[in-house]
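This is model-v6.txt. It holds compact mmCIF, C-alpha atoms and all ligand atoms.
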```txt
# COMPACT_ATOMS: atom_id res chain seq x y z
CA MET F 1 -51.98 -105.08 23.59
CA LEU F 2 -50.92 -103.47 20.29
CA LEU F 3 -53.43 -102.88 17.51
CA TYR F 4 -52.89 -101.22 14.14
CA ASP F 5 -54.70 -97.88 13.86
CA SER F 6 -55.70 -96.77 10.33
CA LEU F 7 -55.85 -93.11 11.40
CA THR F 8 -52.25 -92.76 12.69
CA ARG F 9 -51.02 -95.62 10.44
CA GLN F 10 -49.11 -97.39 13.19
CA LYS F 11 -49.57 -99.98 15.89
CA VAL F 12 -51.04 -98.34 18.97
CA GLU F 13 -50.88 -99.57 22.58
CA LEU F 14 -54.36 -100.05 24.03
CA PRO F 15 -55.06 -98.56 27.46
CA PRO F 16 -54.26 -101.08 30.22
CA PRO F 17 -56.95 -103.57 31.37
CA PRO F 18 -59.75 -103.27 32.29
CA GLY F 19 -60.03 -100.43 29.76
CA PRO F 20 -62.94 -100.08 29.01
CA ILE F 21 -62.75 -100.82 25.29
CA ARG F 22 -65.88 -99.62 23.51
CA MET F 23 -66.00 -100.89 19.92
CA TYR F 24 -68.39 -99.67 17.23
CA VAL F 25 -68.37 -101.78 14.05
CA CYS F 26 -70.29 -101.09 10.83
CA GLY F 27 -72.61 -103.99 10.18
CA PRO F 28 -74.45 -104.99 7.02
CA THR F 29 -77.01 -103.20 4.89
CA VAL F 30 -79.88 -105.68 4.92
CA TYR F 31 -81.49 -106.52 1.55
CA GLN F 32 -80.37 -110.10 0.84
CA ARG F 33 -78.47 -112.88 2.61
CA ILE F 34 -75.03 -111.57 3.57
CA HIS F 35 -72.03 -112.85 1.62
CA ILE F 36 -69.07 -114.68 3.11
CA GLY F 37 -67.00 -111.46 2.92
CA ASN F 38 -69.51 -109.65 5.18
CA ALA F 39 -68.92 -112.38 7.76
CA ARG F 40 -65.30 -111.26 8.18
CA PRO F 41 -65.83 -108.09 10.29
CA TYR F 42 -68.50 -109.96 12.29
CA ILE F 43 -65.99 -112.72 13.13
CA VAL F 44 -62.85 -110.59 13.50
CA PHE F 45 -64.34 -108.08 15.95
CA LEU F 46 -66.13 -110.73 18.02
CA TRP F 47 -62.80 -112.57 18.26
CA MET F 48 -61.05 -109.35 19.36
CA LYS F 49 -63.73 -108.85 22.00
CA ARG F 50 -63.27 -112.42 23.24
CA TRP F 51 -59.49 -112.05 23.36
CA LEU F 52 -59.61 -108.67 25.15
CA GLU F 53 -62.01 -110.15 27.71
CA GLU F 54 -59.66 -113.12 28.18
CA GLN F 55 -56.91 -110.53 28.95
CA GLY F 56 -59.04 -108.79 31.58
CA TYR F 57 -60.66 -106.01 29.57
CA ASP F 58 -64.17 -104.71 29.96
CA VAL F 59 -65.41 -104.71 26.35
CA LYS F 60 -68.66 -103.55 24.80
CA LEU F 61 -69.19 -104.31 21.11
CA VAL F 62 -71.85 -102.46 19.12
CA GLU F 63 -72.49 -103.58 15.54
CA ASN F 64 -75.24 -101.77 13.69
CA ILE F 65 -77.73 -102.99 11.12
CA THR F 66 -78.34 -100.54 8.26
CA ASP F 67 -82.04 -100.95 7.50
CA ILE F 68 -82.55 -97.65 5.60
CA ASN F 69 -80.47 -97.31 2.45
CA ASP F 70 -80.76 -96.71 -1.32
CA LYS F 71 -79.84 -100.34 -1.99
CA ILE F 72 -82.81 -101.57 0.06
CA TYR F 73 -85.30 -99.45 -1.94
CA ALA F 74 -83.80 -100.73 -5.21
CA ALA F 75 -83.82 -104.39 -4.14
CA ALA F 76 -87.37 -104.16 -2.75
CA ALA F 77 -88.66 -102.63 -6.01
CA HIS F 78 -86.93 -105.42 -7.94
CA ARG F 79 -88.61 -108.06 -5.75
CA LYS F 80 -91.94 -106.16 -5.88
CA MET F 81 -92.19 -105.98 -2.10
CA GLY F 82 -92.19 -103.24 0.54
CA SER F 83 -88.73 -101.97 1.54
CA ALA F 84 -89.50 -102.25 5.29
CA GLU F 85 -90.67 -105.83 4.78
CA LEU F 86 -87.51 -106.72 2.83
CA ALA F 87 -85.24 -105.10 5.44
CA ALA F 88 -87.00 -107.01 8.25
CA GLN F 89 -86.70 -110.31 6.35
CA ALA F 90 -83.02 -109.72 5.51
CA THR F 91 -82.33 -108.78 9.16
CA ARG F 92 -83.73 -112.16 10.23
CA TRP F 93 -81.50 -113.91 7.63
CA TYR F 94 -78.47 -112.01 8.94
CA ILE F 95 -79.20 -112.98 12.56
CA GLU F 96 -79.84 -116.64 11.61
CA ASP F 97 -76.72 -116.97 9.49
CA THR F 98 -74.33 -115.24 11.90
CA ASP F 99 -75.86 -117.14 14.86
CA ASP F 100 -74.82 -120.35 13.12
CA LEU F 101 -71.16 -119.29 13.35
CA GLY F 102 -71.46 -120.08 17.07
CA LEU F 103 -69.60 -116.96 18.30
CA GLY F 104 -72.51 -115.33 20.15
CA ARG F 105 -73.69 -111.84 19.28
CA PRO F 106 -72.41 -108.27 19.70
CA ASP F 107 -73.67 -106.59 22.90
CA VAL F 108 -75.90 -104.15 21.02
CA GLU F 109 -77.16 -104.26 17.41
CA PRO F 110 -78.89 -100.92 16.80
CA LEU F 111 -81.14 -100.32 13.80
CA ALA F 112 -81.20 -97.08 11.80
CA THR F 113 -85.03 -97.13 11.87
CA GLU F 114 -84.89 -96.99 15.69
CA THR F 115 -82.51 -94.01 15.71
CA ILE F 116 -84.42 -91.41 13.65
CA PRO F 117 -84.92 -88.79 16.45
CA GLU F 118 -81.17 -88.89 17.29
CA ILE F 119 -80.26 -88.65 13.58
CA VAL F 120 -82.54 -85.62 13.04
CA ALA F 121 -81.18 -83.90 16.18
CA LEU F 122 -77.57 -84.41 15.04
CA ILE F 123 -78.32 -82.97 11.58
CA GLU F 124 -80.01 -79.96 13.22
CA GLU F 125 -76.88 -79.34 15.29
CA LEU F 126 -74.71 -79.49 12.16
CA VAL F 127 -76.96 -76.97 10.41
CA GLU F 128 -76.80 -74.63 13.44
CA ARG F 129 -73.01 -74.88 13.54
CA GLY F 130 -72.67 -74.08 9.81
CA PHE F 131 -71.47 -77.58 8.84
CA ALA F 132 -74.66 -78.41 6.90
CA TYR F 133 -77.30 -76.69 4.77
CA GLU F 134 -80.78 -77.40 3.49
CA SER F 135 -81.45 -77.49 -0.24
CA SER F 136 -84.92 -78.35 -1.66
CA GLY F 137 -85.75 -80.69 1.22
CA ASP F 138 -82.32 -82.37 1.20
CA VAL F 139 -79.65 -81.51 3.77
CA TYR F 140 -75.97 -81.65 2.76
CA TYR F 141 -72.75 -81.71 4.75
CA ARG F 142 -70.46 -78.79 3.86
CA VAL F 143 -67.11 -80.58 3.35
CA GLY F 144 -65.22 -77.29 2.93
CA ALA F 145 -66.10 -76.37 6.55
CA PHE F 146 -64.15 -79.34 7.97
CA PRO F 147 -60.38 -78.84 7.44
CA ASP F 148 -59.47 -82.39 8.60
CA TYR F 149 -61.55 -83.98 5.82
CA GLY F 150 -59.48 -86.73 4.12
CA ARG F 151 -57.16 -87.42 7.08
CA LEU F 152 -58.37 -91.01 7.61
CA SER F 153 -58.22 -92.11 3.98
CA GLY F 154 -55.23 -89.97 3.09
CA ALA F 155 -56.97 -88.48 0.06
CA ASP F 156 -56.53 -84.82 -0.85
CA PRO F 157 -59.91 -83.11 -0.30
CA ASP F 158 -59.45 -81.01 -3.43
CA GLU F 159 -58.99 -84.12 -5.56
CA MET F 160 -61.96 -85.97 -4.15
CA VAL F 161 -64.61 -86.71 -6.71
CA ALA F 162 -68.28 -86.00 -6.12
CA GLN F 163 -69.82 -88.82 -4.07
CA GLU F 164 -73.30 -88.34 -5.55
CA PRO F 165 -73.54 -85.70 -8.27
CA SER F 166 -76.39 -83.21 -7.71
CA ASP F 167 -77.19 -79.63 -8.67
CA LEU F 168 -78.53 -79.08 -5.16
CA LYS F 169 -75.02 -79.08 -3.64
CA GLU F 170 -72.86 -76.01 -3.03
CA ASP F 171 -69.72 -78.08 -3.68
CA PRO F 172 -69.46 -81.43 -5.53
CA ARG F 173 -67.68 -82.97 -2.51
CA ASP F 174 -70.65 -82.34 -0.20
CA PHE F 175 -72.69 -85.41 0.79
CA ALA F 176 -76.32 -85.91 1.84
CA LEU F 177 -77.31 -86.11 5.51
CA TRP F 178 -81.05 -86.07 4.80
CA LYS F 179 -82.78 -86.95 1.54
CA ALA F 180 -86.22 -85.62 0.62
CA ASN F 181 -88.75 -88.37 -0.07
CA LYS F 182 -88.77 -89.61 -3.69
CA ALA F 183 -91.76 -91.16 -5.51
CA HIS F 184 -90.19 -94.67 -5.58
CA GLU F 185 -89.34 -94.69 -1.83
CA ASP F 186 -92.15 -96.29 0.19
CA THR F 187 -90.88 -95.23 3.66
CA SER F 188 -90.28 -91.72 5.00
CA TRP F 189 -89.99 -89.85 8.28
CA ASP F 190 -90.94 -86.36 9.34
CA SER F 191 -88.20 -83.76 9.87
CA PRO F 192 -87.71 -79.96 10.04
CA TRP F 193 -86.91 -80.19 6.27
CA GLY F 194 -90.06 -82.15 5.36
CA LEU F 195 -90.67 -85.84 4.74
CA GLY F 196 -87.58 -87.81 3.90
CA ARG F 197 -85.03 -90.24 5.26
CA PRO F 198 -81.45 -90.14 6.53
CA GLY F 199 -78.32 -90.67 4.44
CA TRP F 200 -76.25 -93.76 5.27
CA HIS F 201 -73.25 -91.99 6.89
CA ILE F 202 -75.20 -89.96 9.46
CA GLU F 203 -76.96 -93.15 10.65
CA CYS F 204 -73.66 -94.53 12.00
CA SER F 205 -72.60 -91.25 13.68
CA ALA F 206 -75.95 -91.17 15.50
CA MET F 207 -76.06 -94.89 16.40
CA ALA F 208 -72.50 -94.84 17.79
CA GLU F 209 -73.32 -91.79 19.93
CA LYS F 210 -76.62 -93.28 21.10
CA CYS F 211 -74.78 -96.37 22.37
CA PHE F 212 -71.53 -94.85 23.67
CA GLY F 213 -71.91 -91.10 24.05
CA PRO F 214 -69.58 -88.59 22.33
CA GLU F 215 -66.40 -90.73 22.34
CA PHE F 216 -65.24 -94.33 22.37
CA GLU F 217 -62.03 -96.28 21.93
CA LEU F 218 -62.32 -98.13 18.63
CA HIS F 219 -64.26 -97.92 15.38
CA GLY F 220 -64.07 -100.92 13.05
CA GLY F 221 -65.32 -102.05 9.67
CA GLY F 222 -64.22 -103.26 6.26
CA LEU F 223 -61.42 -101.45 4.44
CA ASP F 224 -63.89 -100.53 1.67
CA LEU F 225 -65.73 -98.30 4.18
CA ARG F 226 -62.72 -96.09 4.96
CA PHE F 227 -63.73 -93.66 2.20
CA PRO F 228 -66.25 -92.15 1.98
CA HIS F 229 -68.30 -93.78 4.80
CA HIS F 230 -65.84 -93.47 7.70
CA GLU F 231 -64.35 -90.20 6.49
CA ASN F 232 -67.90 -88.81 6.52
CA GLU F 233 -68.68 -90.22 9.98
CA ILE F 234 -65.65 -88.35 11.37
CA ALA F 235 -66.63 -85.12 9.58
CA GLN F 236 -70.18 -85.33 10.96
CA SER F 237 -69.38 -86.23 14.58
CA GLN F 238 -66.33 -84.01 14.97
CA GLY F 239 -68.10 -81.21 13.10
CA ALA F 240 -70.74 -81.44 15.82
CA GLY F 241 -67.99 -81.14 18.45
CA ARG F 242 -67.69 -84.79 19.54
CA PRO F 243 -64.23 -86.36 19.95
CA PHE F 244 -65.66 -89.59 18.34
CA ALA F 245 -63.46 -92.73 17.85
CA HIS F 246 -59.92 -92.72 19.29
CA MET F 247 -58.67 -95.31 16.78
CA TRP F 248 -59.80 -97.09 13.61
CA ALA F 249 -59.46 -100.76 12.69
CA HIS F 250 -60.14 -101.82 9.08
CA ASN F 251 -60.31 -105.47 8.14
CA GLY F 252 -58.99 -106.57 4.71
CA MET F 253 -61.40 -107.59 1.97
CA LEU F 254 -62.33 -111.08 0.88
CA GLN F 255 -61.50 -111.80 -2.77
CA LEU F 256 -63.03 -114.26 -5.18
CA ASP F 257 -60.82 -114.95 -8.22
CA GLN F 258 -58.58 -112.02 -7.20
CA GLU F 259 -61.50 -109.57 -7.20
CA LYS F 260 -63.20 -108.05 -4.19
CA MET F 261 -66.41 -109.93 -3.45
CA SER F 262 -69.23 -107.43 -3.64
CA LYS F 263 -72.91 -107.41 -4.33
CA SER F 264 -72.45 -104.79 -7.06
CA LEU F 265 -69.91 -106.97 -8.92
CA GLY F 266 -72.26 -109.93 -8.61
CA ASN F 267 -69.43 -112.35 -7.72
CA ILE F 268 -70.83 -113.35 -4.37
CA VAL F 269 -71.14 -116.51 -2.31
CA SER F 270 -73.52 -116.24 0.62
CA LEU F 271 -72.51 -117.09 4.18
CA ARG F 272 -75.50 -119.48 4.21
CA GLU F 273 -74.11 -121.44 1.23
CA VAL F 274 -70.67 -121.72 2.85
CA LEU F 275 -72.18 -122.77 6.21
CA ASP F 276 -74.21 -125.48 4.47
CA ALA F 277 -71.26 -126.71 2.44
CA TYR F 278 -68.43 -126.61 5.01
CA GLY F 279 -69.84 -125.90 8.48
CA PRO F 280 -68.90 -123.14 10.93
CA GLY F 281 -65.67 -124.78 12.18
CA ALA F 282 -64.10 -124.73 8.72
CA ILE F 283 -65.16 -121.08 8.18
CA LEU F 284 -63.54 -119.99 11.45
CA VAL F 285 -60.31 -121.88 10.71
CA TYR F 286 -60.30 -120.32 7.21
CA PHE F 287 -60.47 -116.77 8.64
CA LEU F 288 -57.86 -117.56 11.33
CA GLY F 289 -55.37 -118.37 8.56
CA ALA F 290 -55.14 -114.76 7.31
CA HIS F 291 -54.11 -111.64 9.21
CA TRP F 292 -57.25 -109.55 9.85
CA ARG F 293 -55.84 -106.57 7.92
CA SER F 294 -54.78 -108.59 4.86
CA PRO F 295 -56.95 -109.52 1.89
CA ILE F 296 -58.10 -113.15 1.96
CA ASP F 297 -58.82 -115.32 -1.08
CA TYR F 298 -61.92 -117.44 -1.17
CA SER F 299 -62.17 -120.68 -3.18
CA ASP F 300 -63.44 -124.24 -2.72
CA VAL F 301 -59.83 -125.42 -2.52
CA VAL F 302 -58.99 -123.22 0.49
CA MET F 303 -62.30 -124.15 2.15
CA GLU F 304 -61.53 -127.88 1.71
CA GLN F 305 -58.14 -127.26 3.33
CA ALA F 306 -59.75 -125.36 6.20
CA ARG F 307 -62.24 -128.18 6.74
CA SER F 308 -59.49 -130.78 6.92
CA GLN F 309 -57.55 -128.60 9.39
CA PHE F 310 -60.71 -128.30 11.48
CA ARG F 311 -61.18 -132.09 11.46
CA GLY F 312 -57.54 -132.55 12.42
CA PHE F 313 -58.07 -130.30 15.46
CA ALA F 314 -61.25 -132.16 16.44
CA GLU F 315 -59.40 -135.48 16.30
CA ALA F 316 -56.39 -134.12 18.18
CA LEU F 317 -58.68 -133.00 21.01
CA LEU F 318 -59.83 -136.58 21.53
CA SER F 319 -56.40 -138.16 21.30
CA PRO F 320 -54.75 -139.19 24.55
CA PRO F 321 -52.85 -136.21 26.06
CA GLN F 322 -49.06 -136.31 25.75
CA SER F 323 -46.39 -134.20 27.29
CA ARG F 324 -44.02 -133.56 24.43
CA PRO F 325 -42.55 -130.04 24.71
CA SER F 326 -44.20 -127.34 22.60
CA ALA F 327 -45.20 -123.66 22.65
CA THR F 328 -46.63 -122.23 25.88
CA TRP F 329 -49.92 -120.38 26.36
CA ASP F 330 -47.85 -117.22 26.87
CA ALA F 331 -46.31 -117.64 23.41
CA PHE F 332 -49.82 -118.00 21.96
CA ALA F 333 -50.98 -114.90 23.87
CA ALA F 334 -48.00 -112.91 22.58
CA THR F 335 -49.07 -113.50 18.95
CA LEU F 336 -52.56 -112.13 19.64
CA ASP F 337 -51.30 -109.24 21.76
CA ASP F 338 -49.20 -108.11 18.79
CA ASP F 339 -51.88 -106.75 16.43
CA PHE F 340 -54.03 -109.89 16.75
CA ASN F 341 -51.81 -112.08 14.59
CA THR F 342 -54.09 -115.10 14.11
CA PRO F 343 -51.96 -116.83 11.40
CA GLU F 344 -49.14 -117.16 13.95
CA ALA F 345 -51.64 -118.27 16.59
CA LEU F 346 -52.96 -120.89 14.14
CA ALA F 347 -49.41 -122.22 13.65
CA ILE F 348 -49.20 -122.74 17.43
CA LEU F 349 -52.56 -124.57 17.37
CA HIS F 350 -51.09 -126.98 14.81
CA GLU F 351 -48.02 -127.43 16.98
CA TRP F 352 -50.24 -128.28 19.96
CA ALA F 353 -52.31 -130.70 17.87
CA ALA F 354 -49.16 -132.47 16.65
CA SER F 355 -47.62 -132.70 20.13
CA GLY F 356 -50.73 -133.95 21.94
CA GLN F 357 -51.28 -130.76 23.99
CA SER F 358 -55.04 -131.29 23.97
CA SER F 359 -55.88 -129.07 26.93
CA LEU F 360 -54.03 -126.00 25.51
CA LEU F 361 -55.52 -126.77 22.09
CA GLY F 362 -59.02 -127.05 23.51
CA ARG F 363 -58.67 -123.77 25.41
CA ALA F 364 -57.59 -121.92 22.25
CA LEU F 365 -60.26 -123.56 20.05
CA ARG F 366 -62.95 -122.58 22.55
CA LEU F 367 -61.60 -119.02 22.62
CA PHE F 368 -62.11 -118.75 18.84
CA GLY F 369 -65.51 -120.47 19.05
CA ILE F 370 -64.25 -123.37 16.90
CA VAL F 371 -65.38 -125.84 19.52
CA SER F 372 -67.87 -125.00 22.24
CA GLY F 373 -68.57 -126.18 25.75
CA PRO F 374 -66.36 -128.37 27.89
CA PRO F 375 -64.22 -131.03 26.15
CA ARG F 376 -66.45 -133.87 25.00
CA VAL F 377 -65.57 -137.30 26.30
CA PRO F 378 -67.33 -140.31 24.77
CA PRO F 379 -69.78 -142.01 27.17
CA ASP F 380 -68.98 -145.46 28.58
CA GLU F 381 -71.37 -147.18 26.19
CA VAL F 382 -69.52 -145.72 23.18
CA ARG F 383 -66.13 -146.66 24.67
CA ARG F 384 -67.37 -150.24 25.19
CA LEU F 385 -68.61 -150.47 21.56
CA VAL F 386 -65.29 -149.07 20.29
CA GLU F 387 -63.41 -151.70 22.32
CA GLU F 388 -65.66 -154.53 21.04
CA ARG F 389 -65.25 -153.33 17.47
CA HIS F 390 -61.48 -153.21 17.85
CA GLU F 391 -61.45 -156.81 19.13
CA ALA F 392 -63.71 -157.94 16.26
CA ARG F 393 -61.36 -156.32 13.74
CA MET F 394 -58.32 -157.91 15.35
CA ALA F 395 -60.08 -161.27 15.07
CA GLY F 396 -60.85 -160.64 11.39
CA ASP F 397 -64.63 -160.43 11.98
CA PHE F 398 -65.23 -157.40 9.79
CA GLU F 399 -68.98 -157.95 9.56
CA THR F 400 -69.38 -157.49 13.33
CA ALA F 401 -66.90 -154.59 13.25
CA ASP F 402 -68.99 -152.85 10.59
CA ARG F 403 -72.23 -153.35 12.52
CA LEU F 404 -70.62 -151.93 15.67
CA ARG F 405 -69.31 -148.94 13.69
CA GLN F 406 -72.87 -148.18 12.58
CA GLU F 407 -74.07 -148.50 16.16
CA ILE F 408 -71.36 -146.06 17.32
CA GLU F 409 -72.39 -143.61 14.59
CA SER F 410 -76.04 -143.86 15.56
CA LEU F 411 -74.96 -142.63 19.01
CA GLY F 412 -73.36 -139.54 17.46
CA TRP F 413 -69.70 -140.64 17.38
CA ARG F 414 -67.18 -141.62 14.72
CA VAL F 415 -64.33 -144.03 15.04
CA LYS F 416 -61.10 -143.91 13.09
CA ASP F 417 -58.40 -146.59 13.12
CA GLU F 418 -54.98 -145.11 13.77
CA LEU F 419 -51.64 -146.85 14.28
CA VAL F 420 -51.98 -146.36 18.03
CA GLY F 421 -55.48 -147.89 17.99
CA PRO F 422 -59.04 -146.65 17.44
CA VAL F 423 -59.71 -142.94 18.01
CA VAL F 424 -63.27 -141.76 18.61
CA PHE F 425 -64.66 -138.26 18.08
CA PRO F 426 -68.06 -136.55 17.74
CA ARG F 427 -69.69 -136.94 14.32
CA THR F 428 -70.29 -133.24 13.72
ZN ZN E 501 -71.15 -97.32 9.43
```
How would this structure read if it were set down as structure tokens?
Amino acid sequence: MLLYDSLTRQKVELPPPPGPIRMYVCGPTVYQRIHIGNARPYIVFLWMKRWLEEQGYDVKLVENITDINDKIYAAAAHRKMGSAELAAQATRWYIEDTDDLGLGRPDVEPLATETIPEIVALIEELVERGFAYESSGDVYYRVGAFPDYGRLSGADPDEMVAQEPSDLKEDPRDFALWKANKAHEDTSWDSPWGLGRPGWHIECSAMAEKCFGPEFELHGGGLDLRFPHHENEIAQSQGAGRPFAHMWAHNGMLQLDQEKMSKSLGNIVSLREVLDAYGPGAILVYFLGAHWRSPIDYSDVVMEQARSQFRGFAEALLSPPQSRPSATWDAFAATLDDDFNTPEALAILHEWAASGQSSLLGRALRLFGIVSGPPRVPPDEVRRLVEERHEARMAGDFETADRLRQEIESLGWRVKDELVGPVVFPRT
């Protein structure tokens, strides 16, 4: 399987099955319900895991939860609540909302708060090796000591602006690994440099190593994390002598009205709102329609289209199978094996729906989590009611037909009258 690697800027052949393929993906910072754009890496990397497993790989997916961060302190102060309490609440929202996508969960979801000893030990190693220095209770990474800095993002280290201006730094490019406790921060941990808390970037270096050891195959996350977050993760882990990630996969950003959806811009729609309005099937079809590396536009119009595509698939699954010629499973597999090209795979799903290939369609829809469980066949009682209703309609007795339709719906099924006759499918 070929996958585009952001580090070497080309498609790279994965090692042959069974691998292993160890994937570390940056998850959300938890301080409010996640937005629909945050759902993209969650969905894309779970899909990749499912596809690799389908192809015989041994895959382990780790997706962290950032529960110590400047944004959490700010949001907690705004809500007049404790930062640990807010992070715990927002973690529950994240789990609830992503659970409702129906894709299952990553294998491990580490928390920064559960990784403090490993974070402190890694910072100590960097200080010993000359890659970091203490300054008034803060510890900073010495960017000038790492010649490869900027390789991932392609930026010239000398042109990089200061990430967080501070007089405590030797060089404006340096970034914080440990931050001394401030008056407005209501959580802190003990360290060789006094009470404080970790910086965001070192949390991921330590969590990835805690789960996988010093190296792993793939690191993923949103394109907006490539600089500085991922550049800094590489500098930290490789500065400490670890090989770290072999390749990097960055998903494209979700855009609302042509602008990146972000909490700081305030133009956000939560995953919860979209789940309530359109349901998980429509969300998954929506994301399938764009290549994982491309930007994707969000609007009610595209969500309506995705929902009608989803309903079309659900109906096609319940239509009588036909044997008109169409694309093979191998053709479908080839689209995913070439840099996980889901828009092409989606085109094949439509072809299967149109040509009555319900078993191939069902297999692919289950792979993407769009339908779950074995194919649903209406029970005999529902079939009998559908038949009676059809006869009533043919006889012009629409009152009886309407009553029977309500009875069918009360049993959890819907009936639709097509040219070929009535078609029945689950209500949800
Ligand atoms: Zn991260």
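Remark: for ligand ZN 501 (chain E), the closest of the candidate residues F:Phe310, F:Phe227, F:Trp292, F:Phe216 is F:Phe227 (distances computed over all atoms listed in the file).
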All residues 10 Å or closer to F:Ala345, all atoms listed in the file, same chain fewer than 6 positions away omitted, as an MDAnalysis selection string:
chainID F and resid 288:289 331:336 351 364
Let me make sure I understand: among F:Thr98, F:Gln32, F:Thr400, F:Asn232, which one has the smallest atom-to-atom distance to ligand ZN 501 (chain E) if we use only C-alpha atoms and all ligand atoms?
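For ligand ZN 501 (chain E), the nearest of the given residues is F:Asn232.
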Check every protein, DNA and RNA residue against ligand ZN 501 (chain E), keep those with an atom at most 9 Å away (counting only C-alpha atoms and all ligand atoms), and present them as a compact mmCIF listing (two decimals) with C-alpha atoms, keeping the file's coordinate frame.
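Once written, part_14.txt looks like this:
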```txt
# COMPACT_ATOMS: atom_id res chain seq x y z
CA TYR F 24 -68.39 -99.67 17.23
CA VAL F 25 -68.37 -101.78 14.05
CA CYS F 26 -70.29 -101.09 10.83
CA GLY F 27 -72.61 -103.99 10.18
CA PRO F 28 -74.45 -104.99 7.02
CA GLU F 63 -72.49 -103.58 15.54
CA ASN F 64 -75.24 -101.77 13.69
CA ILE F 65 -77.73 -102.99 11.12
CA THR F 66 -78.34 -100.54 8.26
CA TRP F 200 -76.25 -93.76 5.27
CA HIS F 201 -73.25 -91.99 6.89
CA ILE F 202 -75.20 -89.96 9.46
CA GLU F 203 -76.96 -93.15 10.65
CA CYS F 204 -73.66 -94.53 12.00
CA SER F 205 -72.60 -91.25 13.68
CA MET F 207 -76.06 -94.89 16.40
CA ALA F 208 -72.50 -94.84 17.79
CA GLY F 220 -64.07 -100.92 13.05
CA GLY F 221 -65.32 -102.05 9.67
CA LEU F 225 -65.73 -98.30 4.18
CA HIS F 229 -68.30 -93.78 4.80
CA HIS F 230 -65.84 -93.47 7.70
CA GLU F 233 -68.68 -90.22 9.98
```
Which distance in Å separates atom CA of F:Arg389 and atom CA of F:Leu411, to one decimal?
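Atom CA of F:Arg389 sits 14.5 Å away from atom CA of F:Leu411.
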Would you mind telling me which residue in F:Arg142, F:Arg384, F:Lys71, F:Arg22 lies nearest to F:Gln236 when using all atoms listed in the file?
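Of F:Arg142, F:Arg384, F:Lys71, F:Arg22, the one nearest F:Gln236, counting all atoms listed in the file, is F:Arg142.
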